>>> print(open('model_37.txt').read())   # compact mmCIF, C-alpha atoms and all ligand atoms
# COMPACT_ATOMS: atom_id res chain seq x y z
CA MET A 1 2.90 -12.79 -30.83
CA GLN A 2 6.06 -14.50 -29.55
CA GLY A 3 5.23 -13.42 -25.99
CA GLN A 4 1.74 -14.82 -26.27
CA LEU A 5 3.06 -18.17 -27.46
CA VAL A 6 5.47 -18.44 -24.56
CA ALA A 7 2.69 -17.51 -22.14
CA HIS A 8 0.46 -20.16 -23.67
CA GLU A 9 3.11 -22.87 -23.26
CA LYS A 10 3.80 -21.91 -19.66
CA LEU A 11 0.10 -22.05 -18.84
CA SER A 12 -0.36 -25.44 -20.46
CA SER A 13 2.58 -27.04 -18.67
CA LEU A 14 1.31 -25.67 -15.34
CA GLY A 15 -2.16 -27.07 -16.06
CA LEU A 16 -0.80 -30.45 -17.13
CA LEU A 17 1.36 -30.72 -14.05
CA ALA A 18 -1.59 -29.89 -11.79
CA ALA A 19 -3.83 -32.39 -13.57
CA GLY A 20 -1.17 -35.12 -13.34
CA VAL A 21 -0.49 -34.57 -9.66
CA ALA A 22 -4.19 -34.42 -8.80
CA HIS A 23 -4.85 -37.64 -10.70
CA GLU A 24 -1.97 -39.53 -9.08
CA ILE A 25 -2.98 -38.48 -5.57
CA ASN A 26 -6.70 -38.93 -6.03
CA ASN A 27 -6.96 -42.72 -6.21
CA PRO A 28 -4.70 -43.67 -3.31
CA MET A 29 -6.33 -40.91 -1.23
CA ALA A 30 -9.82 -42.25 -1.89
CA PHE A 31 -8.62 -45.62 -0.62
CA VAL A 32 -6.89 -44.13 2.45
CA THR A 33 -9.89 -41.92 3.25
CA SER A 34 -12.42 -44.74 3.23
CA ASN A 35 -10.16 -47.08 5.23
CA VAL A 36 -9.43 -44.54 7.94
CA ARG A 37 -13.15 -43.68 8.15
CA LEU A 38 -14.04 -47.36 8.52
CA LEU A 39 -11.36 -47.88 11.13
CA SER A 40 -12.49 -44.89 13.20
CA ARG A 41 -16.10 -45.94 12.99
CA ASP A 42 -15.42 -49.54 14.00
CA LEU A 43 -13.09 -48.58 16.85
CA ALA A 44 -15.51 -45.95 18.15
CA ALA A 45 -18.27 -48.58 18.19
CA GLN A 46 -16.26 -50.87 20.50
CA ARG A 47 -17.71 -50.86 23.99
CA GLU A 48 -14.69 -51.91 25.98
CA LEU A 49 -11.59 -50.54 24.40
CA PRO A 50 -8.14 -51.12 25.90
CA GLU A 51 -6.58 -47.88 27.15
CA GLU A 52 -3.90 -47.88 24.39
CA LEU A 53 -6.57 -47.94 21.70
CA ARG A 54 -8.64 -45.19 23.38
CA GLU A 55 -5.90 -42.75 22.50
CA TYR A 56 -6.23 -43.73 18.85
CA VAL A 57 -9.96 -43.15 18.88
CA ASP A 58 -9.74 -39.84 20.74
CA ASP A 59 -6.63 -38.22 19.25
CA VAL A 60 -4.77 -40.10 16.57
CA LEU A 61 -7.63 -40.90 14.21
CA PRO A 62 -9.30 -37.45 14.36
CA ALA A 63 -5.92 -35.83 13.65
CA THR A 64 -5.37 -38.27 10.78
CA LEU A 65 -8.80 -37.42 9.36
CA ASP A 66 -7.92 -33.70 9.56
CA GLY A 67 -4.76 -34.38 7.59
CA ILE A 68 -6.74 -36.36 5.04
CA ARG A 69 -9.29 -33.55 4.70
CA ARG A 70 -6.45 -31.16 4.05
CA VAL A 71 -4.92 -33.31 1.31
CA ASN A 72 -8.34 -33.81 -0.27
CA ALA A 73 -8.96 -30.04 -0.28
CA ILE A 74 -5.60 -29.49 -2.00
CA VAL A 75 -6.36 -32.13 -4.61
CA ALA A 76 -9.77 -30.54 -5.24
CA ASP A 77 -8.05 -27.14 -5.73
CA LEU A 78 -5.53 -28.63 -8.13
CA LYS A 79 -8.32 -30.25 -10.13
CA ARG A 80 -10.25 -26.98 -10.29
CA PHE A 81 -7.13 -25.30 -11.57
CA ALA A 82 -6.30 -28.05 -14.05
CA ARG A 83 -9.83 -28.10 -15.44
CA ASN A 84 -9.11 -24.66 -16.89
CA ASP A 85 -7.17 -26.39 -19.65
CA PRO A 86 -5.43 -23.75 -21.64
CA GLU A 87 -6.82 -23.40 -25.11
CA GLU A 88 -5.68 -21.04 -27.82
CA PRO A 89 -5.44 -17.57 -26.28
CA VAL A 90 -8.42 -15.40 -27.18
CA GLU A 91 -9.24 -11.71 -26.96
CA PHE A 92 -11.75 -11.19 -24.20
CA ASP A 93 -13.45 -8.64 -22.00
CA LEU A 94 -11.93 -8.56 -18.53
CA ASN A 95 -14.98 -6.79 -17.09
CA ALA A 96 -17.17 -9.78 -18.00
CA GLU A 97 -14.84 -12.16 -16.11
CA VAL A 98 -14.74 -9.83 -13.11
CA SER A 99 -18.54 -9.65 -12.99
CA SER A 100 -18.96 -13.41 -13.16
CA ALA A 101 -16.27 -13.98 -10.50
CA LEU A 102 -18.20 -11.57 -8.28
CA ARG A 103 -21.38 -13.58 -8.78
CA LEU A 104 -19.53 -16.81 -7.96
CA SER A 105 -18.10 -15.31 -4.77
CA GLN A 106 -21.59 -14.66 -3.39
CA GLY A 107 -21.64 -18.21 -2.00
CA GLU A 108 -18.57 -17.49 0.11
CA ARG A 109 -19.93 -14.12 1.21
CA ARG A 110 -23.12 -15.44 2.82
CA GLY A 111 -24.20 -11.91 3.70
CA ARG A 112 -21.14 -11.23 5.81
CA CYS A 113 -19.86 -8.19 3.99
CA ARG A 114 -20.85 -5.60 1.44
CA MET A 115 -19.56 -5.96 -2.12
CA GLU A 116 -18.96 -2.95 -4.34
CA LEU A 117 -18.26 -3.16 -8.05
CA GLU A 118 -16.90 -0.36 -10.21
CA LEU A 119 -16.18 -1.29 -13.81
CA GLY A 120 -14.21 1.15 -15.95
CA ALA A 121 -14.23 1.11 -19.77
CA LEU A 122 -11.68 -1.50 -20.89
CA ARG A 123 -10.40 -2.59 -24.25
CA PRO A 124 -9.87 -6.36 -24.70
CA ILE A 125 -6.97 -8.36 -23.34
CA VAL A 126 -5.53 -11.64 -24.68
CA GLY A 127 -5.31 -14.97 -22.88
CA GLN A 128 -7.38 -17.56 -21.04
CA PRO A 129 -10.57 -15.91 -19.79
CA ARG A 130 -11.46 -18.75 -17.41
CA GLN A 131 -8.04 -18.68 -15.77
CA ILE A 132 -8.20 -14.93 -15.28
CA GLY A 133 -11.70 -15.36 -13.85
CA GLN A 134 -10.26 -17.95 -11.46
CA VAL A 135 -7.61 -15.47 -10.28
CA VAL A 136 -10.20 -12.77 -9.57
CA LEU A 137 -12.38 -15.32 -7.76
CA ASN A 138 -9.39 -16.37 -5.59
CA LEU A 139 -8.71 -12.75 -4.69
CA LEU A 140 -12.39 -12.18 -3.86
CA MET A 141 -12.59 -15.29 -1.67
CA ASN A 142 -9.50 -14.20 0.25
CA ALA A 143 -10.93 -10.70 0.68
CA VAL A 144 -14.28 -12.03 1.93
CA GLN A 145 -12.53 -14.43 4.31
CA ALA A 146 -10.39 -11.54 5.59
CA VAL A 147 -13.40 -9.38 6.53
CA GLN A 148 -15.80 -12.00 7.78
CA ALA A 149 -14.90 -11.44 11.42
CA ARG A 150 -16.56 -8.02 11.39
CA GLU A 151 -18.64 -5.70 9.20
CA GLY A 152 -16.60 -5.40 6.07
CA VAL A 153 -16.49 -4.03 2.58
CA VAL A 154 -14.90 -5.69 -0.43
CA LYS A 155 -14.47 -3.39 -3.39
CA VAL A 156 -13.63 -4.61 -6.88
CA SER A 157 -12.77 -2.14 -9.59
CA THR A 158 -11.30 -2.13 -13.07
CA ARG A 159 -9.63 0.65 -15.04
CA GLU A 160 -7.31 1.19 -17.94
CA GLU A 161 -3.80 2.58 -17.53
CA PRO A 162 -1.39 3.12 -20.43
CA GLY A 163 -0.96 -0.24 -22.16
CA GLU A 164 -2.68 -2.27 -19.46
CA ALA A 165 -5.94 -3.31 -17.89
CA VAL A 166 -6.00 -3.08 -14.10
CA VAL A 167 -8.18 -4.98 -11.61
CA GLU A 168 -8.16 -4.02 -7.96
CA VAL A 169 -9.62 -6.09 -5.12
CA ARG A 170 -9.65 -4.09 -1.91
CA ASP A 171 -10.88 -5.14 1.52
CA ASN A 172 -10.98 -3.56 4.96
CA GLY A 173 -10.29 -6.89 6.67
CA VAL A 174 -7.61 -8.19 9.00
CA GLY A 175 -4.67 -7.22 6.79
CA MET A 176 -1.29 -8.93 6.92
CA THR A 177 2.04 -8.67 8.66
CA LYS A 178 5.20 -8.12 6.60
CA GLU A 179 6.14 -11.76 7.24
CA VAL A 180 2.87 -12.97 5.74
CA VAL A 181 3.19 -10.64 2.74
CA GLY A 182 6.69 -12.03 2.13
CA GLN A 183 5.37 -15.60 1.79
CA LEU A 184 2.04 -14.95 0.07
CA PHE A 185 2.80 -16.42 -3.30
CA GLN A 186 4.53 -19.56 -2.06
CA PRO A 187 2.58 -22.72 -2.84
CA PHE A 188 0.89 -24.15 0.28
CA PHE A 189 1.54 -21.06 2.42
CA THR A 190 -1.63 -20.48 4.43
CA THR A 191 -2.61 -19.01 7.79
CA LYS A 192 -6.06 -20.61 7.64
CA PRO A 193 -7.21 -23.65 9.62
CA VAL A 194 -7.35 -27.13 8.15
CA GLY A 195 -10.12 -27.42 5.59
CA GLU A 196 -10.43 -23.65 5.04
CA GLY A 197 -7.22 -22.86 3.24
CA THR A 198 -4.83 -24.81 1.04
CA GLY A 199 -2.37 -22.03 0.32
CA LEU A 200 -2.65 -22.62 -3.41
CA GLY A 201 -4.87 -19.70 -4.43
CA LEU A 202 -2.22 -17.01 -4.70
CA ALA A 203 0.53 -19.32 -5.95
CA VAL A 204 -1.76 -20.35 -8.80
CA ALA A 205 -2.83 -16.72 -9.34
CA TYR A 206 0.81 -15.68 -9.62
CA GLY A 207 1.50 -18.40 -12.21
CA ILE A 208 -1.52 -17.42 -14.28
CA ILE A 209 -0.88 -13.67 -14.21
CA THR A 210 2.84 -13.87 -15.01
CA GLY A 211 1.98 -16.45 -17.69
CA HIS A 212 -0.21 -13.75 -19.25
CA GLY A 213 2.66 -11.26 -19.19
CA GLY A 214 1.05 -9.38 -16.29
CA ARG A 215 1.87 -8.51 -12.69
CA ILE A 216 0.17 -8.93 -9.35
CA GLU A 217 0.90 -6.47 -6.55
CA VAL A 218 -0.18 -6.29 -2.94
CA GLU A 219 -0.46 -3.57 -0.32
CA SER A 220 -1.57 -4.50 3.16
CA GLU A 221 -1.73 -3.07 6.62
CA GLU A 222 -2.40 -5.18 9.70
CA GLY A 223 -5.84 -4.48 11.11
CA ARG A 224 -6.70 -2.08 8.25
CA GLY A 225 -7.02 -4.15 5.11
CA THR A 226 -5.48 -5.29 1.90
CA CYS A 227 -5.44 -4.32 -1.75
CA PHE A 228 -4.41 -6.68 -4.54
CA THR A 229 -3.76 -5.13 -7.94
CA VAL A 230 -3.57 -7.22 -11.11
CA ARG A 231 -2.12 -5.63 -14.26
CA LEU A 232 -2.56 -7.29 -17.65
CA PRO A 233 -1.30 -6.08 -21.01
CA LEU A 234 -3.97 -4.81 -23.38
CA ALA A 235 -4.40 -6.78 -26.60
CA ARG A 236 -3.46 -3.87 -28.79
CA GLY A 237 -1.15 -1.82 -26.61
CA GLU A 238 -1.26 1.97 -26.43
CA PRO A 239 -4.36 3.81 -27.61
CA GLN A 240 -3.90 5.66 -30.90
CA LEU A 241 -4.05 9.44 -30.62
CA GLY A 242 -7.48 10.75 -31.52
CA THR A 243 -9.35 7.48 -30.95
P1 LIG B 301 -5.50 -19.74 1.27
O1 LIG B 301 -6.56 -18.70 1.02
O2 LIG B 301 -5.94 -21.10 0.88
O3 LIG B 301 -4.92 -19.67 2.65
P2 LIG B 301 -3.97 -18.15 -0.58
O4 LIG B 301 -2.77 -18.47 -1.43
O5 LIG B 301 -5.18 -17.67 -1.28
O6 LIG B 301 -4.26 -19.44 0.27
O7 LIG B 301 -3.56 -17.06 0.51
C1 LIG B 301 -2.42 -17.31 1.33
C2 LIG B 301 -2.50 -16.52 2.62
O8 LIG B 301 -2.39 -15.12 2.35
C3 LIG B 301 -3.79 -16.66 3.39
O9 LIG B 301 -3.81 -17.80 4.22
C4 LIG B 301 -3.81 -15.37 4.21
O10 LIG B 301 -2.99 -15.47 5.34
C5 LIG B 301 -3.13 -14.37 3.29
N1 LIG B 301 -4.10 -13.53 2.56
C6 LIG B 301 -4.43 -13.61 1.26
N2 LIG B 301 -5.32 -12.66 0.91
C7 LIG B 301 -5.57 -11.94 2.03
C8 LIG B 301 -6.41 -10.81 2.34
N3 LIG B 301 -7.18 -10.22 1.41
N4 LIG B 301 -6.38 -10.34 3.62
C9 LIG B 301 -5.62 -10.92 4.57
N5 LIG B 301 -4.81 -11.99 4.34
C10 LIG B 301 -4.78 -12.50 3.09
MG MG B 302 -7.25 -18.24 -0.94
>>> encode(input="model_37.txt", output="structure tokens", more="lines below")
Ligand code: ADP
Ligand code: MG
Amino acid sequence: MQGQLVAHEKLSSLGLLAAGVAHEINNPMAFVTSNVRLLSRDLAAQRELPEELREYVDDVLPATLDGIRRVNAIVADLKRFARNDPEEPVEFDLNAEVSSALRLSQGERRGRCRMELELGALRPIVGQPRQIGQVVLNLLMNAVQAVQAREGVVKVSTREEPGEAVVEVRDNGVGMTKEVVGQLFQPFFTTKPVGEGTGLGLAVAYGIITGHGGRIEVESEEGRGTCFTVRLPLARGEPQLGT
């Protein structure tokens, strides 16, 4: 029980921090966004623009808008994360969360790859079902984004191992170099272009899974694919003999 309490506190402080940061950034960013948009629109509408200002219209303002889009995407991610306000931990069925994450990832998939689902029999785990669902969704989105360049397969499976529930998300996508694997869980580490990646998915996933007393592991080979494995403690530990 002690462990669960600690996990609960860690999750709530993470959520509160995310909510606070998102809130503080949101209002000034809304102001900045609309002003820069107005400025670009008005300057672009000028017929005869002095050469010095041309550069602003052609390069500086578009780059600024890219930066703004990036910040807004990060704030949106933080808000999504913070909305999963931790409540009292509950016992829940991991398979149900995995199935609903798979449904939610269909939007990202847009027919680009095949999805396979293999659910093993699982006893309940304890924690925040929505946060765990968010982790699985993040892993699925990454997997889909990794295979979208060619015909790909994303396979999600669950199984029980002694004392723990295991979720695997495997793709045959681009894979990762050792350097990328070494930085995966750092907040804001991303290899994706502006607007597509914020680099928060795995950092948040790591916080959630360790907060639940679990582990997240990765195996990847460049050009071959990647497998993420999430291990979470079962609510009632080892199975009793004869049950
Ligand atoms: P984001 O997806 O916003 O970039 P993440 O924290 O989810 O942030 O992932 C960080 C980086 O890890 C990605 O930019 C990508 O380089 C790499 N990555 C994560 N999952 C995969 C995967 N399944 N295949 C290949 N690269 C991956
Ligand atoms: Mg991601």
>>> residues_near_ligand(input="model_37.txt", ligand="ligand MG 302 (chain B)", cutoff="6 Å", atoms="only C-alpha atoms and all ligand atoms", output="number ranges by chain")
A: 138, 142, 201
>>> residues_around(input="model_37.txt", residues="Glu55 in chain A", least_positions_apart="6", cutoff="12 Å", atoms="all atoms listed in the file", output="list in words")
Ser40, Leu43, Ala44, Leu49, Leu61, Pro62 and Ala63 of chain A
>>> atom_distance(input="model_37.txt", atom1="CA of Ala76 in chain A", atom2="CA of Leu39 in chain A")
23.9 Å
>>> closest_residue(input="model_37.txt", among="A:Gly111, A:Pro233, A:Gly175, A:Gly207", to="ligand LIG 301 (chain B)", atoms="only C-alpha atoms and all ligand atoms")
A:Gly175
>>> atom_distance(input="model_37.txt", atom1="CA of Ala143 in chain A", atom2="CA of Thr158 in chain A")
16.2 Å
>>> residues_near_point(input="model_37.txt", point="(-11.8, -8.7, 5.6)", cutoff="7 Å", atoms="all atoms listed in the file", output="list of chain:residue names")
A:Ala143, A:Val144, A:Gln145, A:Ala146, A:Val147, A:Gln148, A:Gly152, A:Asp171, A:Asn172, A:Gly173, A:Val174, A:Gly225
>>> closest_residue(input="model_37.txt", among="A:Met29, A:Val204, A:Ala165, A:Val98", to="ligand LIG 301 (chain B)", atoms="all atoms listed in the file")
A:Val204
>>> residues_around(input="model_37.txt", residues="Lys192 in chain A", least_positions_apart="2", cutoff="12 Å", atoms="all atoms listed in the file", output="list in words")
Arg70, Asn142, Gln145, Ala146, Val180, Phe188, Phe189, Thr190, Val194, Gly195, Glu196, Gly197, Thr198, Gly199 and Leu200 of chain A
>>> closest_residue(input="model_37.txt", among="A:Ala73, A:Ala82, A:Leu117, A:Ile132", to="ligand LIG 301 (chain B)", atoms="only C-alpha atoms and all ligand atoms")
A:Ala73
>>> axis_aligned_box(input="model_37.txt", around="ligand LIG 301 (chain B)", padding_each_side="4 Å", output="AutoDock Vina command-line options")
--center_x -4.8 --center_y -15.7 --center_z 2.0 --size_x 12.8 --size_y 18.9 --size_z 14.8
>>> residues_around(input="model_37.txt", residues="Arg215 in chain A", least_positions_apart="2", cutoff="6 Å", atoms="only C-alpha atoms", output="list of chain:residue names")
A:Thr210, A:Val230, A:Arg231
>>> write_last_selection(input="model_37.txt", atoms="C-alpha atoms", output="compact mmCIF listing (two decimals), in the frame of the given file")
# COMPACT_ATOMS: atom_id res chain seq x y z
CA THR A 210 2.84 -13.87 -15.01
CA VAL A 230 -3.57 -7.22 -11.11
CA ARG A 231 -2.12 -5.63 -14.26
>>> atom_distance(input="model_37.txt", atom1="CA of Ile208 in chain A", atom2="CA of Gly67 in chain A")
27.9 Å
